[in-house]
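A.B. asks: Have a look at this one before I ask anything.
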Amino acid sequence: MNEKMRKAVKPVYNTGKQIWYGTTGFFYGHGMFLNENFRRLAGYQNLHKGERCFLIGTGPSLRAEDLDMIKDEYAIGCNMLYKLYDKTVWRPTYYCMTDRVYAKHQSQEMVRYVDVPIFTPRSTYQRMTGKSKNIIYVNDIYDYETYKIRGKMLSYCWLKASVMLFMMELAVYMGFSEIYLLGVDCTNTYTANGHFIKDYMKEDTKKAEDQRIKRDLKKKQLTPEEMGLHNYRRSIEAYEVVHKFTQSCGVKIYNATRGGDLEVFPRVTLENLEGIC
């Protein structure tokens, strides 16, 4: 199928998925036709209603000492945060992975270290080379141009730009009313020191991720700066959608990241939060 035909077919395909996932999600929400995966997913709906949680990104500002400060809090980690496990007593309550490239190249390593429930989109789950009984998948729709948040994860979620978007929607689905971001720098991950550790990604993962972005932008050559700017713009647009949605449903998101370039959400200082030790 050529690019022109693919572009014409994709909206029809995505509409079909929305109808199908919406229909099955309706029945799942009423406790009908649930398989084991969706039975487990349904059990997390509003489980933490009215509570607060921390969503932990992998930005360069993240420090092991910060994680120790929130060791008694609900927290959702992602991707390769387990590489900090030897430097902190902190462990996440839940874990997420959405990137299909990570799934193919690094999921085997992740499941060896992560022993809490792991949430992932179905399309990512299907590409994981490493799997465990802890994994719960969510039906998803990926659209390069579109991002929406619905808060109805028993039906489906939209994928775009960042695992943090998936984590935010998951936190809303779980009922958390206050969400704090930590290590969400929104800086260029394709240049030096783009993550909390220098050897964050394996070389084959980096190369595969580079190729994915070039395909998305239909360009054969891109500098690390161009790739970073592309992801930054996509992320900010999507974060603004999330901010509008959470405001409408009474959920508050704050950014406790030390520095970085994400200004969509109000800034707070980690040490000043009540109950932080």
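Residues in the structure tokens are numbered from 1 in each chain, the chains being A, B, ... in the order shown, and ligands are numbered from 1 in the order shown.
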If you run DSSP on the backbone here, which positions in range 4-192 of chain A get helix (DSSP H, G or I)? Please write them as a PyMOL selection string.

C.D. replies: chain A and resi 4-29+36-42+64-69+81-87+100-113+122-125+163-173

A.B. asks: For those residues, write C-alpha atoms to a file as a JSON list (two decimals), in the first residue's frame.

C.D. replies:
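Written output follows (result_5.json):
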[["chain", "number", "residue", "atom", "x", "y", "z"],
["A", 4, "LYS", "CA", -1.28, 8.18, -0.50],
["A", 5, "MET", "CA", -3.57, 5.18, -0.12],
["A", 6, "ARG", "CA", -2.44, 4.61, 3.48],
["A", 7, "LYS", "CA", -3.26, 8.21, 4.34],
["A", 8, "ALA", "CA", -6.73, 7.86, 2.82],
["A", 9, "VAL", "CA", -7.50, 4.55, 4.55],
["A", 10, "LYS", "CA", -6.21, 5.38, 8.03],
["A", 11, "PRO", "CA", -9.10, 7.67, 9.14],
["A", 12, "VAL", "CA", -11.60, 4.98, 8.11],
["A", 13, "TYR", "CA", -9.57, 2.34, 9.92],
["A", 14, "ASN", "CA", -9.32, 4.46, 13.08],
["A", 15, "THR", "CA", -13.05, 5.23, 13.01],
["A", 16, "GLY", "CA", -13.77, 1.52, 12.81],
["A", 17, "LYS", "CA", -11.51, 0.89, 15.81],
["A", 18, "GLN", "CA", -13.24, 3.65, 17.79],
["A", 19, "ILE", "CA", -16.64, 2.09, 17.12],
["A", 20, "TRP", "CA", -15.47, -1.42, 17.97],
["A", 21, "TYR", "CA", -13.49, -0.46, 21.08],
["A", 22, "GLY", "CA", -16.26, 1.88, 22.22],
["A", 23, "THR", "CA", -18.82, -0.89, 21.92],
["A", 24, "THR", "CA", -16.71, -3.49, 23.74],
["A", 25, "GLY", "CA", -15.77, -0.88, 26.34],
["A", 26, "PHE", "CA", -19.46, -0.27, 27.06],
["A", 27, "PHE", "CA", -19.95, -3.95, 27.84],
["A", 28, "TYR", "CA", -16.71, -4.12, 29.84],
["A", 29, "GLY", "CA", -17.94, -1.17, 31.92],
["A", 36, "GLU", "CA", -8.76, -11.72, 32.36],
["A", 37, "ASN", "CA", -6.90, -8.67, 31.06],
["A", 38, "PHE", "CA", -9.91, -6.36, 31.02],
["A", 39, "ARG", "CA", -11.18, -7.77, 34.31],
["A", 40, "ARG", "CA", -7.91, -6.63, 35.89],
["A", 41, "LEU", "CA", -8.05, -3.26, 34.11],
["A", 42, "ALA", "CA", -11.63, -2.70, 35.30],
["A", 64, "ALA", "CA", 17.61, 9.44, 43.14],
["A", 65, "GLU", "CA", 17.29, 11.62, 46.26],
["A", 66, "ASP", "CA", 14.01, 13.05, 44.93],
["A", 67, "LEU", "CA", 12.61, 9.54, 44.60],
["A", 68, "ASP", "CA", 13.58, 8.72, 48.17],
["A", 69, "MET", "CA", 11.56, 11.76, 49.26],
["A", 81, "LEU", "CA", 13.50, 4.06, 35.52],
["A", 82, "TYR", "CA", 14.53, 0.69, 36.91],
["A", 83, "LYS", "CA", 18.11, 1.73, 36.08],
["A", 84, "LEU", "CA", 17.93, 3.91, 39.21],
["A", 85, "TYR", "CA", 16.86, 1.06, 41.47],
["A", 86, "ASP", "CA", 20.37, 0.49, 42.79],
["A", 87, "LYS", "CA", 20.58, 4.12, 43.94],
["A", 100, "ARG", "CA", 6.90, 0.28, 20.32],
["A", 101, "VAL", "CA", 10.63, 0.63, 19.71],
["A", 102, "TYR", "CA", 11.39, 0.22, 23.43],
["A", 103, "ALA", "CA", 8.98, -2.71, 23.50],
["A", 104, "LYS", "CA", 10.90, -4.51, 20.80],
["A", 105, "HIS", "CA", 14.41, -3.75, 22.01],
["A", 106, "GLN", "CA", 14.28, -3.37, 25.80],
["A", 107, "SER", "CA", 11.14, -4.96, 27.24],
["A", 108, "GLN", "CA", 12.96, -8.19, 28.13],
["A", 109, "GLU", "CA", 15.27, -6.22, 30.41],
["A", 110, "MET", "CA", 12.40, -4.17, 31.87],
["A", 111, "VAL", "CA", 10.29, -7.15, 32.98],
["A", 112, "ARG", "CA", 13.29, -8.63, 34.80],
["A", 113, "TYR", "CA", 13.46, -5.62, 37.10],
["A", 122, "ARG", "CA", -2.28, -3.11, 23.16],
["A", 123, "SER", "CA", -0.24, -2.25, 20.04],
["A", 124, "THR", "CA", 2.87, -1.94, 22.23],
["A", 125, "TYR", "CA", 2.09, -5.15, 24.09],
["A", 163, "VAL", "CA", 4.50, 7.86, 27.55],
["A", 164, "MET", "CA", 3.66, 10.60, 30.06],
["A", 165, "LEU", "CA", 0.36, 11.28, 28.27],
["A", 166, "PHE", "CA", -0.62, 7.65, 28.75],
["A", 167, "MET", "CA", 0.41, 7.86, 32.41],
["A", 168, "MET", "CA", -1.71, 10.98, 32.93],
["A", 169, "GLU", "CA", -4.78, 9.35, 31.46],
["A", 170, "LEU", "CA", -4.16, 6.23, 33.54],
["A", 171, "ALA", "CA", -3.91, 8.34, 36.71],
["A", 172, "VAL", "CA", -7.22, 10.04, 35.89],
["A", 173, "TYR", "CA", -8.82, 6.65, 35.21]]

A.B. asks: When you look at Asn272 in chain A with a cut-off of 12 Å (counting only C-alpha atoms), what residues show up, excluding the ones that are within fewer than 4 positions of it in the same chain? I need them as a list in words.

C.D. replies: Met69, Ala256, Arg267, Val268, Ile276 and Cys277 of chain A

A.B. asks: Keeping only N, CA and C atoms, write the selected residues to a file as a compact mmCIF listing (two decimals), in the first residue's frame.

C.D. replies:
# COMPACT_ATOMS: atom_id res chain seq x y z
N MET A 69 12.46 10.85 48.56
CA MET A 69 11.56 11.76 49.26
C MET A 69 10.09 11.36 49.09
N ALA A 256 6.34 19.33 39.40
CA ALA A 256 7.36 19.43 40.45
C ALA A 256 8.76 19.14 39.92
N ARG A 267 3.77 25.25 38.33
CA ARG A 267 4.99 24.77 38.97
C ARG A 267 4.84 24.72 40.49
N VAL A 268 5.40 23.67 41.09
CA VAL A 268 5.50 23.58 42.55
C VAL A 268 6.90 23.07 42.89
N ILE A 276 5.87 15.53 52.35
CA ILE A 276 7.11 15.09 51.72
C ILE A 276 8.23 15.13 52.74
N CYS A 277 8.99 14.07 52.82
CA CYS A 277 10.07 14.01 53.82
C CYS A 277 11.44 14.02 53.14

A.B. asks: If you count only C-alpha atoms, which residues fall within 8 Å of range 231-242 of chain A, apart from same-chain ones fewer than 6 positions away, as a PDB file with N, CA, C and O atoms, in the first residue's frame?

C.D. replies:
ATOM      1  N   TYR A 147      -4.532  13.822  18.759  1.00  0.00           N
ATOM      2  CA  TYR A 147      -4.472  13.307  20.125  1.00  0.00           C
ATOM      3  C   TYR A 147      -5.718  13.758  20.874  1.00  0.00           C
ATOM      4  O   TYR A 147      -6.099  14.931  20.814  1.00  0.00           O
ATOM      5  N   LYS A 148      -6.343  12.836  21.552  1.00  0.00           N
ATOM      6  CA  LYS A 148      -7.508  13.126  22.368  1.00  0.00           C
ATOM      7  C   LYS A 148      -7.361  12.391  23.690  1.00  0.00           C
ATOM      8  O   LYS A 148      -6.692  11.356  23.763  1.00  0.00           O
ATOM      9  N   ILE A 149      -7.977  12.914  24.732  1.00  0.00           N
ATOM     10  CA  ILE A 149      -8.037  12.195  25.996  1.00  0.00           C
ATOM     11  C   ILE A 149      -9.502  12.093  26.405  1.00  0.00           C
ATOM     12  O   ILE A 149     -10.239  13.073  26.358  1.00  0.00           O
ATOM     13  N   LYS A 160       0.142   9.385  21.403  1.00  0.00           N
ATOM     14  CA  LYS A 160       0.897  10.396  20.679  1.00  0.00           C
ATOM     15  C   LYS A 160       2.050  10.888  21.536  1.00  0.00           C
ATOM     16  O   LYS A 160       1.883  11.142  22.720  1.00  0.00           O
ATOM     17  N   ALA A 161       3.197  11.001  20.946  1.00  0.00           N
ATOM     18  CA  ALA A 161       4.330  11.773  21.467  1.00  0.00           C
ATOM     19  C   ALA A 161       5.032  11.187  22.682  1.00  0.00           C
ATOM     20  O   ALA A 161       6.237  11.011  22.680  1.00  0.00           O
ATOM     21  N   SER A 162       4.321  10.889  23.767  1.00  0.00           N
ATOM     22  CA  SER A 162       5.012  10.644  25.024  1.00  0.00           C
ATOM     23  C   SER A 162       4.288   9.631  25.892  1.00  0.00           C
ATOM     24  O   SER A 162       3.057   9.624  25.979  1.00  0.00           O
ATOM     25  N   LEU A 165       1.780  11.057  28.583  1.00  0.00           N
ATOM     26  CA  LEU A 165       0.364  11.280  28.270  1.00  0.00           C
ATOM     27  C   LEU A 165      -0.466  10.065  28.670  1.00  0.00           C
ATOM     28  O   LEU A 165      -1.548  10.189  29.240  1.00  0.00           O
ATOM     29  N   MET A 168      -0.734  10.012  32.434  1.00  0.00           N
ATOM     30  CA  MET A 168      -1.713  10.985  32.928  1.00  0.00           C
ATOM     31  C   MET A 168      -3.135  10.448  32.801  1.00  0.00           C
ATOM     32  O   MET A 168      -3.937  10.539  33.735  1.00  0.00           O
ATOM     33  N   CYS A 186      10.767  17.632  29.407  1.00  0.00           N
ATOM     34  CA  CYS A 186      10.310  18.012  28.069  1.00  0.00           C
ATOM     35  C   CYS A 186      11.442  18.669  27.275  1.00  0.00           C
ATOM     36  O   CYS A 186      11.221  19.561  26.471  1.00  0.00           O
ATOM     37  N   THR A 187      12.657  18.203  27.518  1.00  0.00           N
ATOM     38  CA  THR A 187      13.820  18.710  26.793  1.00  0.00           C
ATOM     39  C   THR A 187      14.215  17.708  25.713  1.00  0.00           C
ATOM     40  O   THR A 187      13.627  16.634  25.598  1.00  0.00           O
ATOM     41  N   ASN A 188      15.220  18.048  24.936  1.00  0.00           N
ATOM     42  CA  ASN A 188      15.629  17.241  23.793  1.00  0.00           C
ATOM     43  C   ASN A 188      16.304  15.949  24.251  1.00  0.00           C
ATOM     44  O   ASN A 188      17.401  15.967  24.813  1.00  0.00           O
ATOM     45  N   LEU A 262       8.744  22.398  30.436  1.00  0.00           N
ATOM     46  CA  LEU A 262       7.299  22.179  30.441  1.00  0.00           C
ATOM     47  C   LEU A 262       6.625  23.206  31.351  1.00  0.00           C
ATOM     48  O   LEU A 262       6.748  23.141  32.574  1.00  0.00           O
ATOM     49  N   VAL A 264       3.186  24.091  30.809  1.00  0.00           N
ATOM     50  CA  VAL A 264       1.735  23.979  30.636  1.00  0.00           C
ATOM     51  C   VAL A 264       1.036  23.880  31.987  1.00  0.00           C
ATOM     52  O   VAL A 264      -0.040  24.444  32.187  1.00  0.00           O
TER      53      VAL A 264
END

A.B. asks: Tell me, as number ranges by chain, which residues lie within 10 Å of Ala75 in chain A, counting only C-alpha atoms; anything in the same chain fewer than 6 positions away does not count.

C.D. replies: A: 52-56, 67, 90-95, 171, 179-181

A.B. asks: List as a list in words the protein and nucleic acid residues near Met174 in chain A, meaning an atom at most 10 Å away when only C-alpha atoms are counted, but skip any in the same chain fewer than 6 places from it.

C.D. replies: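 So, after excluding close chain neighbours, the residues are Leu41, Ala42, Gly43, Tyr44, Gln45, Asn46, Leu47, His48, Lys49, Gly50, Glu51, Gly151, Met153 and Met168 of chain A.
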
A.B. asks: Selection from above, N, CA and C atoms, as a compact mmCIF listing (two decimals), in the first residue's frame, can you write it?

C.D. replies:
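Listed below is the output, part.txt:
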# COMPACT_ATOMS: atom_id res chain seq x y z
N LEU A 41 -8.02 -4.70 34.41
CA LEU A 41 -8.05 -3.26 34.11
C LEU A 41 -9.26 -2.61 34.75
N ALA A 42 -10.42 -3.26 34.71
CA ALA A 42 -11.63 -2.70 35.30
C ALA A 42 -11.48 -2.51 36.81
N GLY A 43 -10.68 -3.36 37.44
CA GLY A 43 -10.49 -3.27 38.87
C GLY A 43 -9.75 -2.03 39.33
N TYR A 44 -9.07 -1.34 38.40
CA TYR A 44 -8.33 -0.13 38.75
C TYR A 44 -9.14 1.15 38.57
N GLN A 45 -10.31 1.05 37.98
CA GLN A 45 -11.11 2.26 37.76
C GLN A 45 -11.54 2.86 39.09
N ASN A 46 -11.12 4.12 39.31
CA ASN A 46 -11.44 4.87 40.55
C ASN A 46 -10.93 4.18 41.81
N LEU A 47 -9.94 3.31 41.69
CA LEU A 47 -9.39 2.63 42.86
C LEU A 47 -8.77 3.62 43.85
N HIS A 48 -8.21 4.72 43.32
CA HIS A 48 -7.53 5.71 44.17
C HIS A 48 -8.28 7.05 44.18
N LYS A 49 -9.57 6.98 44.16
CA LYS A 49 -10.40 8.18 44.05
C LYS A 49 -10.06 9.19 45.16
N GLY A 50 -9.77 10.43 44.76
CA GLY A 50 -9.50 11.52 45.69
C GLY A 50 -8.10 11.56 46.25
N GLU A 51 -7.23 10.63 45.83
CA GLU A 51 -5.86 10.59 46.37
C GLU A 51 -4.90 11.30 45.41
N GLY A 151 -10.48 9.61 29.14
CA GLY A 151 -10.60 9.10 30.50
C GLY A 151 -11.38 7.81 30.58
N MET A 153 -10.51 4.33 29.77
CA MET A 153 -9.50 3.36 29.34
C MET A 153 -10.05 1.95 29.15
N MET A 168 -0.73 10.01 32.43
CA MET A 168 -1.71 10.98 32.93
C MET A 168 -3.13 10.45 32.80

A.B. asks: Give me, as a list in words, the residues of range 126-161 of chain A that a backbone DSSP run labels strand (DSSP E).

C.D. replies: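 Answer for range 126-161 of chain A, restricted to strand (DSSP E): Ile135, Ile136, Tyr137, Val138, Asp140, Ile141, Tyr142, Cys157, Trp158 and Leu159 of chain A.
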
A.B. asks: Provide the CA of Val138 in chain A to CA of Tyr254 in chain A distance in Å, to one decimal place.

C.D. replies: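 Interatomic distance, CA of Val138 in chain A to CA of Tyr254 in chain A: 25.3 Å.
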
A.B. asks: Go through A:Ser155, A:Leu34, A:Gly250, A:Val184 one by one, measure the shortest atom-to-atom distance of each to Gly77 in chain A using only C-alpha atoms, and give the residue with the smallest value.

C.D. replies: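 For Gly77 in chain A, the nearest of the given residues is A:Val184.
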